[in-house]
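Data first, discussion second: the structure below is written as structure tokens.
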2 protein chains.
Amino acid sequence: MRIVAAKQLLKANDQLASENRQRLAARQIFCINLVGSPGCGKTTLLEGLFRQLDGRLSPGVIEGDIAGQIDAERMDGLGVPVVQINTEGMCHLDANMIAAAWDGFSAAPLDVLIIENVGNLVCTAGYDLGEHLRVVVLSVAEGDDKLIKYPAIFQRSDALVVTKRDLLPHTNFDISRVRGDMERLAPQAEVFEVDALRGDGLAELADWLVSRRQAALQAP
Amino acid sequence: MRIVAAKQLLKANDQLASENRQRLAARQIFCINLVGSPGCGKTTLLEGLFRQLDGRLSPGVIEGDIAGQIDAERMDGLGVPVVQINTEGMCHLDANMIAAAWDGFSAAPLDVLIIENVGNLVCTAGYDLGEHLRVVVLSVAEGDDKLIKYPAIFQRSDALVVTKRDLLPHTNFDISRVRGDMERLAPQAEVFEVDALRGDGLAELADWLVSRRQAALQAP
């Protein structure tokens, strides 16, 4: 009974995700679902990325958090249109929440919508939000064994961004191990290494997003 | 309908947790539910803590992971009795899984059983496993805003262990902000600051556990 119910809910979610995808296509908005552990540096990555993009794309952001609006305020401070979703205990965003947030962007001419998911390396893996790309973030401080322990989310991502690489000298993080595990789990995925606070490595990530956007929106 | 079902499942979980508690009491085993984000340093904390306890208490460990047995192998390497639970996608441990793992300790004379939960700052908050204490771990590298964003798990914990304090000089983590938020969310909770790799701060934590064990098992 429980399994059937879960499957039906996921099916309903997939239907809503597909409607989100149509809405995005109609407005030529490229959408990214950004996932990762609490504190892996998702918001700081966005701040650095938007500085790096420097007007090449107009971004909008949906912030998913259990509580609070800290991240939304950071986006607001950059002048980026933002909608904060408070899930009030729910451990992931779903397609229905994204549809509800959509109205918040009706006035904004967006090129890219980034959904910063709830910090969670497990539950976010199962929910399609209607995005074009899923990008998973892993901080050097989390250790190099996370792909073994939480394989699903890495397997289902189009890129891995390794953050806080400035901490490499202070940890036992082995980046070649992570690259090897990612190659095995998701051979098609790109891997980026960044220090988002200082901006290192963000140029490659920004270029990749611009080119993936072009490819996605030109596709038939 | 969904809410009712979830409530019934949680009620069933509470019943099983209470049975776990009785089993633990019958064998005078003190039990800790250790929670925190992926990569916050739960396993390294246990390694340091067991070195610090240095035979004062005989520990056993249940390792909860989505996949793999990396953490169980680390405990095994220390000669600590360990049972690995692979949840295969499930984002938290529940009382039923603990009951199933219990048989693995039938031969071991334990003083303390530590349950290292799945790395997850959200879903683990809702499930009583039958433990005496819940201890939440937060690494300096995760940032000082986590108590605002994920309040429930901090609110329901008996202690907060701030790990990786050796990284303080390399981050913008404000420990006084975290102490203030914890005081507000869980005024009764203890706060410890440790560098588990080097052993700093573990003496206080070990002493606290020993005294809390004594108090819990002497209680009527």
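Chain labels A, B, ... are given in the sequence in which chains occur in the structure tokens; within each chain residues are numbered consecutively from 1, and ligands are likewise numbered from 1 in the order shown.
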Q.
Contacts from chain B to chain A, 10 Å maximum, only C-alpha atoms: show me the residue list as a VMD selection string.
A. chain B and resid 2 5 36 to 41 64 to 71 86 88 to 92 118 to 123 125 to 126 138 to 152 164 166 to 167 170 to 171
Who sits within 9 Å of A:Pro59, only C-alpha atoms, same chain under 3 positions skipped, as a PDB file with C-alpha atoms, in the first residue's frame:
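Just written: out-v7.pdb:
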ATOM      1  CA  PHE A  50      25.975  35.735 -11.053  1.00  0.00           C
ATOM      2  CA  GLY A  55      24.780  40.338 -17.293  1.00  0.00           C
ATOM      3  CA  VAL A  80      18.139  39.050  -8.554  1.00  0.00           C
ATOM      4  CA  PRO A  81      14.382  38.288  -8.704  1.00  0.00           C
ATOM      5  CA  PRO A 109      12.347  38.770 -18.214  1.00  0.00           C
ATOM      6  CA  LEU A 110      14.427  35.732 -17.215  1.00  0.00           C
ATOM      7  CA  ASP A 111      17.014  33.792 -19.219  1.00  0.00           C
ATOM      8  CA  VAL A 112      17.732  31.268 -16.516  1.00  0.00           C
ATOM      9  CA  LEU A 113      15.804  30.136 -13.433  1.00  0.00           C
ATOM     10  CA  ILE A 114      17.862  28.455 -10.748  1.00  0.00           C
TER      11      ILE A 114
END
Q: Once DSSP has gone over the backbone, tell me which residues of stretch 8-79 of chain B are in helix (DSSP H, G or I), as a PyMOL selection string.
A: chain B and resi 8-26+42-53+70-77
Keeping C-alpha atoms for every residue in the selection just given, could you write it to a file as a PDB file, in the first residue's frame?
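Contents of out-v6.pdb, as written:
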ATOM      1  CA  GLN B   8      -0.191   6.297  11.822  1.00  0.00           C
ATOM      2  CA  LEU B   9       3.272   5.339  10.641  1.00  0.00           C
ATOM      3  CA  LEU B  10       4.854   7.673  13.174  1.00  0.00           C
ATOM      4  CA  LYS B  11       2.654   6.203  15.903  1.00  0.00           C
ATOM      5  CA  ALA B  12       3.793   2.702  14.932  1.00  0.00           C
ATOM      6  CA  ASN B  13       7.374   3.977  14.985  1.00  0.00           C
ATOM      7  CA  ASP B  14       6.919   5.403  18.480  1.00  0.00           C
ATOM      8  CA  GLN B  15       5.619   2.042  19.697  1.00  0.00           C
ATOM      9  CA  LEU B  16       8.677   0.243  18.272  1.00  0.00           C
ATOM     10  CA  ALA B  17      10.984   2.919  19.709  1.00  0.00           C
ATOM     11  CA  SER B  18       9.483   2.320  23.131  1.00  0.00           C
ATOM     12  CA  GLU B  19      10.163  -1.418  22.756  1.00  0.00           C
ATOM     13  CA  ASN B  20      13.764  -0.622  21.782  1.00  0.00           C
ATOM     14  CA  ARG B  21      14.048   1.495  24.925  1.00  0.00           C
ATOM     15  CA  GLN B  22      12.877  -1.415  27.070  1.00  0.00           C
ATOM     16  CA  ARG B  23      15.391  -3.763  25.443  1.00  0.00           C
ATOM     17  CA  LEU B  24      18.187  -1.274  26.081  1.00  0.00           C
ATOM     18  CA  ALA B  25      17.145  -0.798  29.718  1.00  0.00           C
ATOM     19  CA  ALA B  26      17.052  -4.555  30.316  1.00  0.00           C
ATOM     20  CA  LYS B  42      29.998  11.997  12.565  1.00  0.00           C
ATOM     21  CA  THR B  43      32.250   8.977  12.022  1.00  0.00           C
ATOM     22  CA  THR B  44      35.456  10.886  12.729  1.00  0.00           C
ATOM     23  CA  LEU B  45      33.820  12.173  15.911  1.00  0.00           C
ATOM     24  CA  LEU B  46      33.092   8.592  16.999  1.00  0.00           C
ATOM     25  CA  GLU B  47      36.665   7.513  16.269  1.00  0.00           C
ATOM     26  CA  GLY B  48      38.001  10.358  18.384  1.00  0.00           C
ATOM     27  CA  LEU B  49      35.450   9.787  21.145  1.00  0.00           C
ATOM     28  CA  PHE B  50      36.275   6.082  21.465  1.00  0.00           C
ATOM     29  CA  ARG B  51      39.987   6.891  21.706  1.00  0.00           C
ATOM     30  CA  GLN B  52      39.112   9.451  24.379  1.00  0.00           C
ATOM     31  CA  LEU B  53      36.877   7.043  26.349  1.00  0.00           C
ATOM     32  CA  ILE B  70      32.767   2.569   4.589  1.00  0.00           C
ATOM     33  CA  ASP B  71      31.820   3.734   8.088  1.00  0.00           C
ATOM     34  CA  ALA B  72      31.265   0.199   9.410  1.00  0.00           C
ATOM     35  CA  GLU B  73      34.739  -0.739   8.205  1.00  0.00           C
ATOM     36  CA  ARG B  74      36.185   2.216  10.114  1.00  0.00           C
ATOM     37  CA  MET B  75      34.473   1.034  13.326  1.00  0.00           C
ATOM     38  CA  ASP B  76      35.565  -2.528  12.663  1.00  0.00           C
ATOM     39  CA  GLY B  77      39.119  -1.252  12.358  1.00  0.00           C
TER      40      GLY B  77
END
Q) Using the chain letters and numbers from this document, which residues of stretch 31-205 of chain A does DSSP assign to strand (DSSP E), as an NGL selection string? A) :A and (31-36 or 59-65 or 82-86 or 112-116 or 133-139 or 159-163 or 190-193)
